[in-house]
>>> print(open('upload_21.cif').read())   # mmCIF, C-alpha atoms
data_model
#
loop_
_atom_site.group_PDB
_atom_site.id
_atom_site.type_symbol
_atom_site.label_atom_id
_atom_site.label_comp_id
_atom_site.auth_asym_id
_atom_site.auth_seq_id
_atom_site.Cartn_x
_atom_site.Cartn_y
_atom_site.Cartn_z
ATOM 1 C CA MET A 17 26.722 90.087 90.141
ATOM 2 C CA THR A 18 28.262 88.961 93.423
ATOM 3 C CA GLY A 19 31.134 86.518 93.325
ATOM 4 C CA ASP A 20 34.308 86.600 91.266
ATOM 5 C CA VAL A 21 34.612 89.430 88.757
ATOM 6 C CA LEU A 22 37.158 90.889 86.376
ATOM 7 C CA LEU A 23 37.437 94.673 86.312
ATOM 8 C CA THR A 24 39.016 96.419 83.338
ATOM 9 C CA ILE A 25 40.365 99.912 83.993
ATOM 10 C CA GLY A 26 41.535 102.175 81.182
ATOM 11 C CA VAL A 27 44.486 104.396 82.082
ATOM 12 C CA GLU A 28 45.767 107.348 80.052
ATOM 13 C CA ASN A 29 49.113 108.986 80.705
ATOM 14 C CA ARG A 30 48.451 112.707 80.292
ATOM 15 C CA GLY A 31 51.821 113.720 81.683
ATOM 16 C CA THR A 32 55.210 114.107 80.047
ATOM 17 C CA VAL A 33 57.031 111.361 81.938
ATOM 18 C CA THR A 34 57.020 107.637 81.145
ATOM 19 C CA LEU A 35 55.276 105.607 83.845
ATOM 20 C CA HIS A 36 56.405 102.140 84.883
ATOM 21 C CA ASP A 37 54.477 99.313 86.565
ATOM 22 C CA VAL A 38 51.197 101.208 86.732
ATOM 23 C CA GLU A 39 49.073 99.317 89.245
ATOM 24 C CA PRO A 40 45.805 100.610 90.728
ATOM 25 C CA SER A 41 44.553 100.107 94.250
ATOM 26 C CA ILE A 42 40.787 99.514 94.514
ATOM 27 C CA VAL A 43 38.792 99.788 97.727
ATOM 28 C CA GLY A 44 35.046 99.288 98.133
ATOM 29 C CA THR A 45 32.511 97.871 100.572
ATOM 30 C CA GLY A 46 32.483 94.106 100.208
ATOM 31 C CA PHE A 47 35.065 94.151 97.413
ATOM 32 C CA THR A 48 38.344 92.236 97.595
ATOM 33 C CA SER A 49 40.979 92.177 94.858
ATOM 34 C CA HIS A 50 42.786 88.889 94.217
ATOM 35 C CA ASP A 51 45.183 89.698 91.432
ATOM 36 C CA VAL A 52 46.238 92.812 89.533
ATOM 37 C CA THR A 53 47.967 92.811 86.161
ATOM 38 C CA PRO A 54 49.854 96.132 85.974
ATOM 39 C CA ILE A 55 50.866 98.092 82.897
ATOM 40 C CA PRO A 56 54.648 97.569 82.522
ATOM 41 C CA VAL A 57 55.296 100.820 80.629
ATOM 42 C CA LEU A 58 52.931 103.687 79.821
ATOM 43 C CA GLU A 59 54.354 106.383 77.575
ATOM 44 C CA PRO A 60 53.048 109.995 77.597
ATOM 45 C CA GLY A 61 49.776 110.191 75.668
ATOM 46 C CA GLU A 62 49.392 106.418 75.635
ATOM 47 C CA ILE A 63 46.268 104.566 76.811
ATOM 48 C CA ALA A 64 46.373 101.033 78.203
ATOM 49 C CA GLU A 65 44.257 98.723 80.328
ATOM 50 C CA VAL A 66 44.767 97.277 83.790
ATOM 51 C CA PHE A 67 43.012 94.043 84.730
ATOM 52 C CA VAL A 68 41.885 93.480 88.306
ATOM 53 C CA ALA A 69 40.477 90.122 89.384
ATOM 54 C CA GLY A 70 38.386 90.390 92.529
ATOM 55 C CA ASN A 71 35.237 89.411 94.373
ATOM 56 C CA PHE A 72 32.061 91.211 95.415
ATOM 57 C CA ALA A 73 30.691 89.747 98.636
ATOM 58 C CA GLN A 74 27.434 91.724 98.696
ATOM 59 C CA ALA A 75 24.869 93.160 96.322
ATOM 60 C CA GLY A 76 23.869 96.798 95.897
ATOM 61 C CA ASP A 77 25.372 100.011 94.571
ATOM 62 C CA ILE A 78 29.036 99.805 95.562
ATOM 63 C CA LEU A 79 31.264 102.882 95.523
ATOM 64 C CA LEU A 80 34.777 101.953 94.445
ATOM 65 C CA THR A 81 37.764 104.168 95.209
ATOM 66 C CA VAL A 82 40.539 103.749 92.660
ATOM 67 C CA ARG A 83 44.022 105.113 93.358
ATOM 68 C CA ILE A 84 46.554 105.293 90.533
ATOM 69 C CA GLU A 85 49.918 107.067 90.645
ATOM 70 C CA GLY A 86 48.887 109.251 93.575
ATOM 71 C CA LYS A 87 45.537 110.246 92.034
ATOM 72 C CA ARG A 88 42.113 109.185 93.294
ATOM 73 C CA PHE A 89 39.035 108.292 91.238
ATOM 74 C CA TYR A 90 35.541 107.127 92.170
ATOM 75 C CA GLU A 91 33.220 104.740 90.361
ATOM 76 C CA THR A 92 29.852 103.322 91.431
ATOM 77 C CA VAL A 93 28.963 99.837 90.229
ATOM 78 C CA THR A 94 25.700 97.958 90.676
ATOM 79 C CA VAL A 95 26.124 94.437 91.992
ATOM 80 C CA THR A 96 23.237 91.958 91.895
ATOM 81 C CA SER A 97 22.727 88.633 93.634
ATOM 82 C CA PRO A 98 22.845 85.664 91.254
ATOM 83 C CA THR A 99 19.907 83.297 90.955
ATOM 84 C CA ARG A 100 20.228 79.539 90.671
ATOM 85 C CA GLN A 101 19.788 79.869 86.931
ATOM 86 C CA ASP A 102 22.531 82.497 86.830
ATOM 87 C CA LEU A 103 24.950 80.178 88.624
ATOM 88 C CA ALA A 104 24.159 77.290 86.285
ATOM 89 C CA ALA A 105 24.598 79.513 83.252
ATOM 90 C CA GLN A 106 27.887 80.854 84.616
ATOM 91 C CA LYS A 107 29.213 77.352 85.190
ATOM 92 C CA ALA A 108 28.348 76.333 81.638
ATOM 93 C CA ALA A 109 29.933 79.517 80.300
ATOM 94 C CA ASP A 110 33.120 78.881 82.290
ATOM 95 C CA GLU A 111 33.407 75.330 80.970
ATOM 96 C CA ALA A 112 32.956 76.534 77.397
ATOM 97 C CA ALA A 113 35.473 79.333 77.961
ATOM 98 C CA ILE A 114 38.074 76.904 79.318
ATOM 99 C CA GLU A 115 37.701 74.689 76.262
ATOM 100 C CA THR A 116 37.970 77.642 73.878
ATOM 101 C CA MET A 117 40.941 79.196 75.652
ATOM 102 C CA THR A 118 42.758 75.856 75.771
ATOM 103 C CA GLU A 119 42.569 75.695 71.979
ATOM 104 C CA GLN A 120 43.702 79.321 71.731
ATOM 105 C CA VAL A 121 46.702 78.666 73.966
ATOM 106 C CA GLN A 122 47.755 75.677 71.857
ATOM 107 C CA SER A 123 47.473 77.792 68.721
ATOM 108 C CA LEU A 124 49.489 80.561 70.358
ATOM 109 C CA ILE A 125 52.216 78.085 71.346
ATOM 110 C CA GLU A 126 52.558 77.086 67.683
ATOM 111 C CA GLU A 127 52.742 80.746 66.665
ATOM 112 C CA TYR A 128 55.343 81.330 69.369
ATOM 113 C CA ASP A 129 57.472 78.478 68.000
ATOM 114 C CA THR A 130 57.175 79.851 64.458
ATOM 115 C CA LEU A 131 58.130 83.325 65.645
ATOM 116 C CA GLY A 132 61.148 81.879 67.437
ATOM 117 C CA GLU A 133 62.256 80.131 64.240
ATOM 118 C CA GLU A 134 61.931 83.373 62.261
ATOM 119 C CA LEU A 135 63.890 85.192 64.936
ATOM 120 C CA TYR A 136 66.668 82.605 64.765
ATOM 121 C CA ALA A 137 66.741 82.730 60.965
ATOM 122 C CA LYS A 138 67.226 86.518 60.984
ATOM 123 C CA ARG A 139 69.822 86.637 63.756
ATOM 124 C CA ASN A 140 72.745 87.205 61.353
ATOM 125 C CA THR A 141 71.037 89.319 58.699
ATOM 126 C CA HIS A 142 68.776 91.663 60.691
ATOM 127 C CA ASP A 143 69.007 93.816 63.790
ATOM 128 C CA ILE A 144 66.764 91.838 66.151
ATOM 129 C CA SER A 145 68.010 93.402 69.382
ATOM 130 C CA GLY A 146 64.565 94.896 70.048
ATOM 131 C CA VAL A 147 62.706 91.587 69.781
ATOM 132 C CA GLN A 148 62.259 89.765 73.093
ATOM 133 C CA LEU A 149 60.095 86.684 73.648
ATOM 134 C CA ASP A 150 60.519 86.310 77.417
ATOM 135 C CA ASP A 151 57.279 88.104 78.356
ATOM 136 C CA LEU A 152 55.329 86.209 75.698
ATOM 137 C CA ARG A 153 56.590 82.888 77.031
ATOM 138 C CA ARG A 154 55.698 83.945 80.579
ATOM 139 C CA TYR A 155 52.140 84.975 79.643
ATOM 140 C CA ILE A 156 51.570 81.681 77.822
ATOM 141 C CA TYR A 157 52.805 79.739 80.842
ATOM 142 C CA GLN A 158 50.527 81.743 83.154
ATOM 143 C CA ALA A 159 47.543 81.082 80.889
ATOM 144 C CA GLU A 160 48.279 77.343 80.852
ATOM 145 C CA SER A 161 48.611 77.239 84.641
ATOM 146 C CA ALA A 162 45.360 79.160 85.150
ATOM 147 C CA LEU A 163 43.479 76.827 82.800
ATOM 148 C CA GLU A 164 44.777 73.769 84.642
ATOM 149 C CA GLU A 165 43.417 75.274 87.868
ATOM 150 C CA GLU A 166 40.177 76.322 86.091
ATOM 151 C CA GLN A 167 40.761 79.982 86.952
ATOM 152 C CA VAL A 168 38.818 81.394 84.036
ATOM 153 C CA GLN A 169 39.363 85.088 84.693
ATOM 154 C CA LYS A 170 43.086 84.776 85.288
ATOM 155 C CA ALA A 171 43.482 82.607 82.196
ATOM 156 C CA ASN A 172 41.531 85.133 80.147
ATOM 157 C CA VAL A 173 43.759 88.012 81.280
ATOM 158 C CA SER A 174 46.980 86.080 80.638
ATOM 159 C CA LEU A 175 45.755 85.031 77.208
ATOM 160 C CA MET A 176 44.848 88.603 76.257
ATOM 161 C CA LEU A 177 48.275 89.802 77.368
ATOM 162 C CA ALA A 178 49.950 86.953 75.479
ATOM 163 C CA ASN A 179 48.101 87.760 72.250
ATOM 164 C CA LYS A 180 48.988 91.442 72.532
ATOM 165 C CA GLU A 181 52.630 90.648 73.278
ATOM 166 C CA TYR A 182 52.768 88.233 70.348
ATOM 167 C CA GLN A 183 51.485 90.881 67.937
ATOM 168 C CA ASP A 184 53.926 93.472 69.310
ATOM 169 C CA GLN A 185 56.964 91.204 68.940
ATOM 170 C CA LYS A 186 55.829 89.933 65.548
ATOM 171 C CA ASN A 187 55.533 93.514 64.284
ATOM 172 C CA LYS A 188 58.971 94.375 65.672
ATOM 173 C CA LEU A 189 60.499 91.390 63.906
ATOM 174 C CA ALA A 190 58.761 92.287 60.647
ATOM 175 C CA LYS A 191 60.155 95.829 60.889
ATOM 176 C CA ALA A 192 63.660 94.754 61.905
ATOM 177 C CA GLU A 193 66.198 96.475 59.673
ATOM 178 C CA LYS A 194 68.698 94.532 57.649
ATOM 179 C CA LYS A 195 72.273 94.702 58.819
ATOM 180 C CA SER A 196 74.716 96.339 56.462
ATOM 181 C CA PHE A 197 77.512 94.266 54.957
ATOM 182 C CA PHE A 198 80.082 95.931 57.212
ATOM 183 C CA ARG A 199 77.879 95.378 60.265
ATOM 184 C CA ARG A 200 77.670 91.659 59.504
ATOM 185 C CA ILE A 201 81.446 91.496 58.995
ATOM 186 C CA LYS A 202 81.968 93.321 62.297
ATOM 187 C CA ASP A 203 79.650 90.928 64.140
ATOM 188 C CA ASN A 204 81.456 87.937 62.639
ATOM 189 C CA ILE A 205 84.822 89.375 63.651
ATOM 190 C CA GLN A 206 83.535 89.797 67.200
ATOM 191 C CA VAL A 207 82.365 86.185 67.248
ATOM 192 C CA ILE A 208 85.714 84.953 65.914
ATOM 193 C CA SER A 209 87.558 87.131 68.428
ATOM 194 C CA ALA A 210 85.477 85.683 71.236
ATOM 195 C CA ILE A 211 86.299 82.150 70.084
ATOM 196 C CA LEU A 212 90.001 82.957 69.786
ATOM 197 C CA GLY A 213 89.870 84.596 73.186
ATOM 198 C CA SER A 214 88.486 81.433 74.731
ATOM 199 C CA ILE A 215 91.196 79.359 73.021
ATOM 200 C CA ILE A 216 93.921 81.685 74.292
ATOM 201 C CA ALA A 217 92.402 81.542 77.742
ATOM 202 C CA THR A 218 92.389 77.757 77.573
ATOM 203 C CA ILE A 219 96.014 77.656 76.456
ATOM 204 C CA THR A 220 96.996 80.119 79.167
ATOM 205 C CA LEU A 221 95.227 78.105 81.818
ATOM 206 C CA SER A 222 96.838 74.938 80.510
ATOM 207 C CA GLY A 223 100.250 76.631 80.681
ATOM 208 C CA MET A 224 99.588 77.713 84.247
ATOM 209 C CA ALA A 225 98.510 74.205 85.133
ATOM 210 C CA TYR A 226 101.698 72.789 83.616
ATOM 211 C CA SER A 227 103.776 75.373 85.474
ATOM 212 C CA ARG A 228 102.141 74.409 88.773
ATOM 213 C CA TYR A 229 102.697 70.742 87.952
ATOM 214 C CA ARG A 230 106.382 71.372 87.205
ATOM 215 C CA ASN A 231 106.871 73.383 90.404
ATOM 216 C CA THR A 232 105.177 70.699 92.454
ATOM 217 C CA LYS A 233 107.286 68.017 90.823
ATOM 218 C CA ASN A 234 110.492 69.950 91.567
ATOM 219 C CA ALA A 235 109.456 70.484 95.184
ATOM 220 C CA VAL A 236 108.814 66.770 95.648
ATOM 221 C CA LYS A 237 112.161 65.989 94.040
ATOM 222 C CA GLU A 238 113.954 68.405 96.389
ATOM 223 C CA ARG A 239 112.282 66.925 99.472
ATOM 224 C CA ARG A 240 113.208 63.429 98.326
ATOM 225 C CA GLN A 241 116.819 64.515 97.701
ATOM 226 C CA LYS A 242 117.062 66.094 101.163
ATOM 227 C CA LYS A 243 115.683 62.940 102.722
ATOM 228 C CA GLU A 244 118.206 60.779 100.877
ATOM 229 C CA ASN A 245 121.060 63.117 101.861
ATOM 230 C CA GLY A 246 119.948 62.986 105.479
ATOM 231 C CA GLU A 247 119.902 59.198 105.473
ATOM 232 C CA HIS A 248 123.348 59.108 103.846
ATOM 233 C CA GLU A 249 124.815 61.474 106.467
ATOM 234 C CA GLU A 250 123.301 59.384 109.248
ATOM 235 C CA GLN A 251 124.929 56.227 107.861
ATOM 236 C CA GLU A 252 128.345 57.943 107.649
ATOM 237 C CA SER A 253 127.994 59.176 111.238
ATOM 238 C CA LYS A 254 127.292 55.656 112.499
ATOM 239 C CA ALA A 255 130.264 54.308 110.535
ATOM 240 C CA ARG A 256 132.650 56.826 112.169
ATOM 241 C CA GLU A 257 131.373 55.926 115.631
ATOM 242 C CA LYS A 258 132.297 52.303 115.029
#
>>> encode(input="upload_21.cif", output="structure tokens")
Amino acid sequence: MTGDVLLTIGVENRGTVTLHDVEPSIVGTGFTSHDVTPIPVLEPGEIAEVFVAGNFAQAGDILLTVRIEGKRFYETVTVTSPTRQDLAAQKAADEAAIETMTEQVQSLIEEYDTLGEELYAKRNTHDISGVQLDDLRRYIYQAESALEEEQVQKANVSLMLANKEYQDQKNKLAKAEKKSFFRRIKDNIQVISAILGSIIATITLSGMAYSRYRNTKNAVKERRQKKENGEHEEQESKAREK
């Protein structure tokens, strides 16, 4: 149907090299892409999806040319013109989708907070170096922004990415290995060393500050002494002249 659309493209890495930021380019008569959500990392043998938000300006059988990582693919899609009933139904569907996704985002925010608390609780007992919540937070923010602007397709994509990222990070946290006793002791020693280092640095800086203060004070004292000596010599010279 003409108007705004969301294209989902499955991509499989059949090579032996890891691909980064896989982003397709789509060209077709009457088609314009608005936003592309790339695949951040695609390992060999892995399959992932790319989401392309765009618009079809005309109806008919449209030949799309898709370029990905130097390769070219072709796909023909049939685009129809919407009727008045179609537009009304689409509007109602969008309103319902916005309401549903708003609830899903709020639920995901609560799950994000819970995951953050679990991550904090395990920081000293488990190796959580592989767990990162930055992308999850970004996807949630993008979904919220899209919903505020009533951009249904963009909100839907961001929400799907957020849910996937949440599951990935939750699984990583669940599989995080416990630190050994010696590892925990080593980490604590590093923390203590860092604290002591900052104290030493503070003391050193304070000592330098005192040294500068003392040097400045001595310099002022010397200038004052020279001035007093000069005035004394001038008085003696005047006395001899008399």
>>> residues_around(input="upload_21.cif", residues="Tyr90 of chain A", least_positions_apart="5", cutoff="7 Å", atoms="all atoms listed in the file", output="list of chain:residue names")
A:Leu79, A:Leu80, A:Thr81, A:Val82
>>> resolve_selection(input="upload_21.cif", expression="the PyMOL selection byres ((chain A and resi 190) around 12)", output="PyMOL selection string")
chain A and resi 131+134-135+138+142-144+146-147+183-189+191-194
>>> write_last_selection(input="upload_21.cif", atoms="C-alpha atoms", output="PDB file, in the coordinates of the input")
ATOM      1  CA  LEU A 131      58.130  83.325  65.645  1.00  0.00           C
ATOM      2  CA  GLU A 134      61.931  83.373  62.261  1.00  0.00           C
ATOM      3  CA  LEU A 135      63.890  85.192  64.936  1.00  0.00           C
ATOM      4  CA  LYS A 138      67.226  86.518  60.984  1.00  0.00           C
ATOM      5  CA  HIS A 142      68.776  91.663  60.691  1.00  0.00           C
ATOM      6  CA  ASP A 143      69.007  93.816  63.790  1.00  0.00           C
ATOM      7  CA  ILE A 144      66.764  91.838  66.151  1.00  0.00           C
ATOM      8  CA  GLY A 146      64.565  94.896  70.048  1.00  0.00           C
ATOM      9  CA  VAL A 147      62.706  91.587  69.781  1.00  0.00           C
ATOM     10  CA  GLN A 183      51.485  90.881  67.937  1.00  0.00           C
ATOM     11  CA  ASP A 184      53.926  93.472  69.310  1.00  0.00           C
ATOM     12  CA  GLN A 185      56.964  91.204  68.940  1.00  0.00           C
ATOM     13  CA  LYS A 186      55.829  89.933  65.548  1.00  0.00           C
ATOM     14  CA  ASN A 187      55.533  93.514  64.284  1.00  0.00           C
ATOM     15  CA  LYS A 188      58.971  94.375  65.672  1.00  0.00           C
ATOM     16  CA  LEU A 189      60.499  91.390  63.906  1.00  0.00           C
ATOM     17  CA  LYS A 191      60.155  95.829  60.889  1.00  0.00           C
ATOM     18  CA  ALA A 192      63.660  94.754  61.905  1.00  0.00           C
ATOM     19  CA  GLU A 193      66.198  96.475  59.673  1.00  0.00           C
ATOM     20  CA  LYS A 194      68.698  94.532  57.649  1.00  0.00           C
TER      21      LYS A 194
END
>>> resolve_selection(input="upload_21.cif", expression="the PyMOL selection byres ((chain A and resi 102-108) around 12)", output="PDB file with C-alpha atoms, in the frame of the given file")
ATOM      1  CA  MET A  17      26.722  90.087  90.141  1.00  0.00           C
ATOM      2  CA  THR A  18      28.262  88.961  93.423  1.00  0.00           C
ATOM      3  CA  GLY A  19      31.134  86.518  93.325  1.00  0.00           C
ATOM      4  CA  ASP A  20      34.308  86.600  91.266  1.00  0.00           C
ATOM      5  CA  VAL A  21      34.612  89.430  88.757  1.00  0.00           C
ATOM      6  CA  THR A  96      23.237  91.958  91.895  1.00  0.00           C
ATOM      7  CA  SER A  97      22.727  88.633  93.634  1.00  0.00           C
ATOM      8  CA  PRO A  98      22.845  85.664  91.254  1.00  0.00           C
ATOM      9  CA  THR A  99      19.907  83.297  90.955  1.00  0.00           C
ATOM     10  CA  ARG A 100      20.228  79.539  90.671  1.00  0.00           C
ATOM     11  CA  GLN A 101      19.788  79.869  86.931  1.00  0.00           C
ATOM     12  CA  ALA A 109      29.933  79.517  80.300  1.00  0.00           C
ATOM     13  CA  ASP A 110      33.120  78.881  82.290  1.00  0.00           C
ATOM     14  CA  GLU A 111      33.407  75.330  80.970  1.00  0.00           C
ATOM     15  CA  ALA A 112      32.956  76.534  77.397  1.00  0.00           C
ATOM     16  CA  ALA A 113      35.473  79.333  77.961  1.00  0.00           C
ATOM     17  CA  ILE A 114      38.074  76.904  79.318  1.00  0.00           C
ATOM     18  CA  GLU A 115      37.701  74.689  76.262  1.00  0.00           C
ATOM     19  CA  GLU A 166      40.177  76.322  86.091  1.00  0.00           C
ATOM     20  CA  GLN A 167      40.761  79.982  86.952  1.00  0.00           C
ATOM     21  CA  VAL A 168      38.818  81.394  84.036  1.00  0.00           C
TER      22      VAL A 168
END
>>> closest_residue(input="upload_21.cif", among="A:Gln74, A:Thr24, A:Gln169, A:Thr94", to="Pro54 of chain A", atoms="all atoms listed in the file")
A:Thr24
>>> atom_distance(input="upload_21.cif", atom1="atom CA of Asn71 of chain A", atom2="atom CA of Ala171 of chain A")
16.2 Å
>>> resolve_selection(input="upload_21.cif", expression="the PyMOL selection byres ((chain A and resi 31) around 8)", output="PyMOL selection string")
chain A and resi 29-30+32-33+60-61
>>> atom_distance(input="upload_21.cif", atom1="atom CA of Gln120 of chain A", atom2="atom CA of Val57 of chain A")
26.0 Å
>>> atom_distance(input="upload_21.cif", atom1="atom CA of Met117 of chain A", atom2="atom CA of Lys180 of chain A")
15.0 Å
>>> closest_residue(input="upload_21.cif", among="A:Asp51, A:Asp150, A:Glu28, A:Glu119", to="Leu175 of chain A", atoms="all atoms listed in the file")
A:Glu119
>>> closest_residue(input="upload_21.cif", among="A:Val43, A:Val95, A:Ala69, A:Leu35", to="Asn172 of chain A", atoms="only C-alpha atoms")
A:Ala69
>>> residues_around(input="upload_21.cif", residues="Glu65 of chain A", least_positions_apart="6", cutoff="7 Å", atoms="only C-alpha atoms", output="ChimeraX atom specification")
/A:24-27
>>> write_last_selection(input="upload_21.cif", atoms="C-alpha atoms", output="mmCIF file, in the frame of the given file")
data_model
loop_
_atom_site.group_PDB
_atom_site.id
_atom_site.type_symbol
_atom_site.label_atom_id
_atom_site.label_comp_id
_atom_site.auth_asym_id
_atom_site.auth_seq_id
_atom_site.Cartn_x
_atom_site.Cartn_y
_atom_site.Cartn_z
ATOM 1 C CA THR A 24 39.016 96.419 83.338
ATOM 2 C CA ILE A 25 40.365 99.912 83.993
ATOM 3 C CA GLY A 26 41.535 102.175 81.182
ATOM 4 C CA VAL A 27 44.486 104.396 82.082
#
